[in-house]
Amino acid sequence: MELNNSKIKIKAKNLNVYYGKKQALFDINLDINQKEVTALIGPSGCGKSTFIRCINRMNDVIDICKVEGSVEIDGAEINEKNVDVVTLREKVGMVFQKPNPFPKSIYDNIAYGPIIHGAAENKDQMDKIVETSLKKAALWDEVKDRLNEPGTSLSGGQQQRLCIARALSVNPEVILMDEPCSALDPIATAKIEELIDDLKKSYTIVIVTHSMAQAVRVSQKTGFFHLGKIIEVDSTDKIFKNPANKMTQDYITGRFG
Amino acid sequence: MSGTGHTVKSYEEEMQSLNDNLVMMGSLTENQMADAMAAVIKVDKESVDKIVKNDGKINELRSTIDNQITTVLVKRAPMAVDLRITISTMKISHDLERIGDLAKSVAKKVKPLPVDLPDELIGSLRRLGDLVQKQLKDALDAYLNRSKDKAIEIWKKDEQVDDLTNLAMNEVATYLQKDKKNLEMATHLLFVTKNIERAGDHITNIAESLYYLIEGEYLEGARPKGKPIES
């Protein structure tokens, strides 16, 4: 399937992560394909969120966190000292479990990133960025007449799409999603999943999810994490119909613990 | 089912009940096939009504299994081996139901048959019937033991069913050639033969479903076919 023909966008090699003395990830080797959705599943505390936070160096902000090993994006090591994390996070956007719009207007939520990165020279250009980002996040039609209202006035699902629009405003190449639908109702979830389907044409997406059904619906490749290790990675089809590893099978069929 | 049970006990119980009902259905179908063949061989017209009536129990079980499967799909969204068990159980139950229907059709043909069927015709039907019954028993055993090798063996053995079918049909045709007055009897016997052969085809379907359940892959390639016999 796509697995063999796709270009690798992100390559984790022998990745080990420690929080103080506690090791959270053990020798992770994982290839993430370009313009595909990769789902990461596994029980709470298995390291999947820690792993995606390695892709945009979000773990840097945790003092006791130590990262060893390699993460390459397009063949370039991101853990080198001279890598500018602001530029890295421009390239690798992130969406969290709970929608977290800034306490600002809908417009300013989107404009915030491009202002920091100096992406627009004038108001017209900024208007364009805001409109394009909201359109890409399938939110424009719902908010175009209320851009000056607070982002927090939107519904949960709209707020999450606002956060996705915010991530898209700085032209990322990779979008990390950490349980983006766990706080949303089924209709808002369906809209996000529809959006993910659309976004994968232009972006590489890594999604952490506790919903197996969601992993099956949105992803092409799935990795199963357990106790900080990668147990199995394969095409999503294979993982959910006929996994090779018994632990994977026990987890996805609800035979764990 | 896999070594460890589901964390949710009621899920485990639902899958167990599905399994139990399929095994029960298999056993009833096996009995029906045996009774229908015995009725033909002995031209036992009295047993026919009972066989026809018993088919209802198999149909009822199939409906029960269909309902259980719908519930499991909605409630549990089964994955991996559970998904394969669910899908395969649905297919196997439908094949068993069809085998039950065919056994009933075989039995119904007994009523218009003459009581003094020629030995050579009975002989060839008995051989075919014995083989198909053996195939059904093996398929149900293979299901219980989750035996992939046995599933392949059954699948391949359908070639012999085809050969015995051709032989039996040939016998009937020869008999018909001897005397055109045998036409009505010969027609009934050709239907009986064909129905037994079709039951055999459903048994190979069961073997295929079982193989998929165990391996997560489909049996590849065309099933070997018996050669038609020149008459």
# chains A, B, ... in the order shown; residues from 1 in each chain; ligands from 1
>>> closest_atom_pairs(of="chain A", to="chain B", cutoff="7 Å", atoms="only C-alpha atoms", output="tab-separated table")
residue	atom	partner	partner_atom	distance
A:Phe240	CA	B:Ala80	CA	5.1
A:Lys241	CA	B:Ala80	CA	4.1
A:Asn242	CA	B:Ala80	CA	5.1
A:Pro243	CA	B:Ala80	CA	6.7
A:Gln249	CA	B:Ala80	CA	6.5
A:Ile252	CA	B:Met79	CA	6.4
A:Thr253	CA	B:Met79	CA	5.5
A:Gly254	CA	B:His6	CA	5.5
A:Arg255	CA	B:His6	CA	4.2
A:Phe256	CA	B:Thr7	CA	6.3
>>> residues_around(residues="Gly26 of chain B", least_positions_apart="6", cutoff="9 Å", atoms="only C-alpha atoms", output="list in words")
Ile58, Ser93, Leu96, Leu136, Lys137 and Leu140 of chain B
>>> closest_residue(among="B:Lys181, B:His94, B:Lys134, B:Lys156", to="Thr204 of chain B", atoms="only C-alpha atoms")
B:Lys156
>>> closest_residue(among="A:Glu179, A:Asp127, A:Asp185, A:Asp60", to="Ile78 of chain A", atoms="only C-alpha atoms")
A:Asp60
>>> closest_residue(among="A:Val218, A:Leu40, A:Ile110, A:Ile231", to="Glu194 of chain A", atoms="only C-alpha atoms")
A:Val218
>>> decode(residues="segment 121-197 of chain B", atoms="C-alpha atoms", output="PDB file, in the first residue's frame")
ATOM      1  CA  LEU B 121     -28.136 -45.886  -7.622  1.00  0.00           C
ATOM      2  CA  ILE B 122     -28.389 -46.146  -3.847  1.00  0.00           C
ATOM      3  CA  GLY B 123     -24.717 -47.077  -3.686  1.00  0.00           C
ATOM      4  CA  SER B 124     -23.452 -44.040  -5.553  1.00  0.00           C
ATOM      5  CA  LEU B 125     -25.727 -41.690  -3.590  1.00  0.00           C
ATOM      6  CA  ARG B 126     -24.572 -43.229  -0.328  1.00  0.00           C
ATOM      7  CA  ARG B 127     -20.905 -42.696  -1.211  1.00  0.00           C
ATOM      8  CA  LEU B 128     -21.547 -39.049  -2.110  1.00  0.00           C
ATOM      9  CA  GLY B 129     -23.698 -38.492   0.974  1.00  0.00           C
ATOM     10  CA  ASP B 130     -21.125 -40.103   3.277  1.00  0.00           C
ATOM     11  CA  LEU B 131     -18.356 -37.890   1.920  1.00  0.00           C
ATOM     12  CA  VAL B 132     -20.383 -34.690   2.267  1.00  0.00           C
ATOM     13  CA  GLN B 133     -21.387 -35.627   5.810  1.00  0.00           C
ATOM     14  CA  LYS B 134     -17.747 -36.345   6.629  1.00  0.00           C
ATOM     15  CA  GLN B 135     -16.786 -32.944   5.167  1.00  0.00           C
ATOM     16  CA  LEU B 136     -19.410 -31.212   7.308  1.00  0.00           C
ATOM     17  CA  LYS B 137     -18.302 -32.978  10.457  1.00  0.00           C
ATOM     18  CA  ASP B 138     -14.655 -32.140   9.730  1.00  0.00           C
ATOM     19  CA  ALA B 139     -15.545 -28.492   9.059  1.00  0.00           C
ATOM     20  CA  LEU B 140     -17.350 -28.196  12.400  1.00  0.00           C
ATOM     21  CA  ASP B 141     -14.477 -29.934  14.220  1.00  0.00           C
ATOM     22  CA  ALA B 142     -12.008 -27.617  12.489  1.00  0.00           C
ATOM     23  CA  TYR B 143     -14.076 -24.640  13.653  1.00  0.00           C
ATOM     24  CA  LEU B 144     -14.039 -25.876  17.251  1.00  0.00           C
ATOM     25  CA  ASN B 145     -10.287 -26.528  17.155  1.00  0.00           C
ATOM     26  CA  ARG B 146      -9.464 -23.459  15.050  1.00  0.00           C
ATOM     27  CA  SER B 147      -7.543 -25.736  12.707  1.00  0.00           C
ATOM     28  CA  LYS B 148      -6.179 -23.945   9.675  1.00  0.00           C
ATOM     29  CA  ASP B 149      -4.685 -27.126   8.172  1.00  0.00           C
ATOM     30  CA  LYS B 150      -7.992 -28.957   8.437  1.00  0.00           C
ATOM     31  CA  ALA B 151      -9.753 -26.010   6.761  1.00  0.00           C
ATOM     32  CA  ILE B 152      -7.383 -26.235   3.788  1.00  0.00           C
ATOM     33  CA  GLU B 153      -7.841 -30.012   3.631  1.00  0.00           C
ATOM     34  CA  ILE B 154     -11.639 -29.706   3.526  1.00  0.00           C
ATOM     35  CA  TRP B 155     -11.419 -26.984   0.901  1.00  0.00           C
ATOM     36  CA  LYS B 156      -9.274 -29.169  -1.348  1.00  0.00           C
ATOM     37  CA  LYS B 157     -11.367 -32.273  -0.774  1.00  0.00           C
ATOM     38  CA  ASP B 158     -14.382 -30.717  -2.481  1.00  0.00           C
ATOM     39  CA  GLU B 159     -12.811 -32.025  -5.686  1.00  0.00           C
ATOM     40  CA  GLN B 160     -13.757 -35.526  -4.554  1.00  0.00           C
ATOM     41  CA  VAL B 161     -17.315 -34.366  -3.900  1.00  0.00           C
ATOM     42  CA  ASP B 162     -17.462 -33.128  -7.488  1.00  0.00           C
ATOM     43  CA  ASP B 163     -16.129 -36.441  -8.781  1.00  0.00           C
ATOM     44  CA  LEU B 164     -18.643 -38.492  -6.792  1.00  0.00           C
ATOM     45  CA  THR B 165     -21.420 -36.177  -7.934  1.00  0.00           C
ATOM     46  CA  ASN B 166     -20.503 -36.777 -11.564  1.00  0.00           C
ATOM     47  CA  LEU B 167     -20.387 -40.518 -10.959  1.00  0.00           C
ATOM     48  CA  ALA B 168     -23.796 -40.506  -9.295  1.00  0.00           C
ATOM     49  CA  MET B 169     -25.312 -38.425 -12.085  1.00  0.00           C
ATOM     50  CA  ASN B 170     -23.812 -40.751 -14.633  1.00  0.00           C
ATOM     51  CA  GLU B 171     -25.414 -43.730 -12.917  1.00  0.00           C
ATOM     52  CA  VAL B 172     -28.802 -42.047 -13.035  1.00  0.00           C
ATOM     53  CA  ALA B 173     -28.345 -41.122 -16.710  1.00  0.00           C
ATOM     54  CA  THR B 174     -27.406 -44.699 -17.589  1.00  0.00           C
ATOM     55  CA  TYR B 175     -30.452 -45.971 -15.748  1.00  0.00           C
ATOM     56  CA  LEU B 176     -32.655 -43.545 -17.600  1.00  0.00           C
ATOM     57  CA  GLN B 177     -31.252 -44.672 -20.940  1.00  0.00           C
ATOM     58  CA  LYS B 178     -32.274 -48.239 -20.122  1.00  0.00           C
ATOM     59  CA  ASP B 179     -35.943 -47.342 -19.897  1.00  0.00           C
ATOM     60  CA  LYS B 180     -37.605 -43.974 -20.521  1.00  0.00           C
ATOM     61  CA  LYS B 181     -40.292 -44.904 -17.979  1.00  0.00           C
ATOM     62  CA  ASN B 182     -37.677 -44.139 -15.309  1.00  0.00           C
ATOM     63  CA  LEU B 183     -37.778 -40.450 -16.263  1.00  0.00           C
ATOM     64  CA  GLU B 184     -39.654 -39.156 -13.228  1.00  0.00           C
ATOM     65  CA  MET B 185     -37.578 -41.083 -10.742  1.00  0.00           C
ATOM     66  CA  ALA B 186     -34.378 -40.089 -12.535  1.00  0.00           C
ATOM     67  CA  THR B 187     -35.315 -36.409 -12.403  1.00  0.00           C
ATOM     68  CA  HIS B 188     -35.880 -36.573  -8.652  1.00  0.00           C
ATOM     69  CA  LEU B 189     -32.598 -38.388  -8.133  1.00  0.00           C
ATOM     70  CA  LEU B 190     -30.691 -35.839 -10.237  1.00  0.00           C
ATOM     71  CA  PHE B 191     -32.078 -33.089  -7.972  1.00  0.00           C
ATOM     72  CA  VAL B 192     -31.100 -35.064  -4.885  1.00  0.00           C
ATOM     73  CA  THR B 193     -27.564 -35.498  -6.233  1.00  0.00           C
ATOM     74  CA  LYS B 194     -27.214 -31.861  -7.200  1.00  0.00           C
ATOM     75  CA  ASN B 195     -28.486 -30.702  -3.803  1.00  0.00           C
ATOM     76  CA  ILE B 196     -25.956 -32.852  -1.969  1.00  0.00           C
ATOM     77  CA  GLU B 197     -23.217 -31.452  -4.173  1.00  0.00           C
TER      78      GLU B 197
END
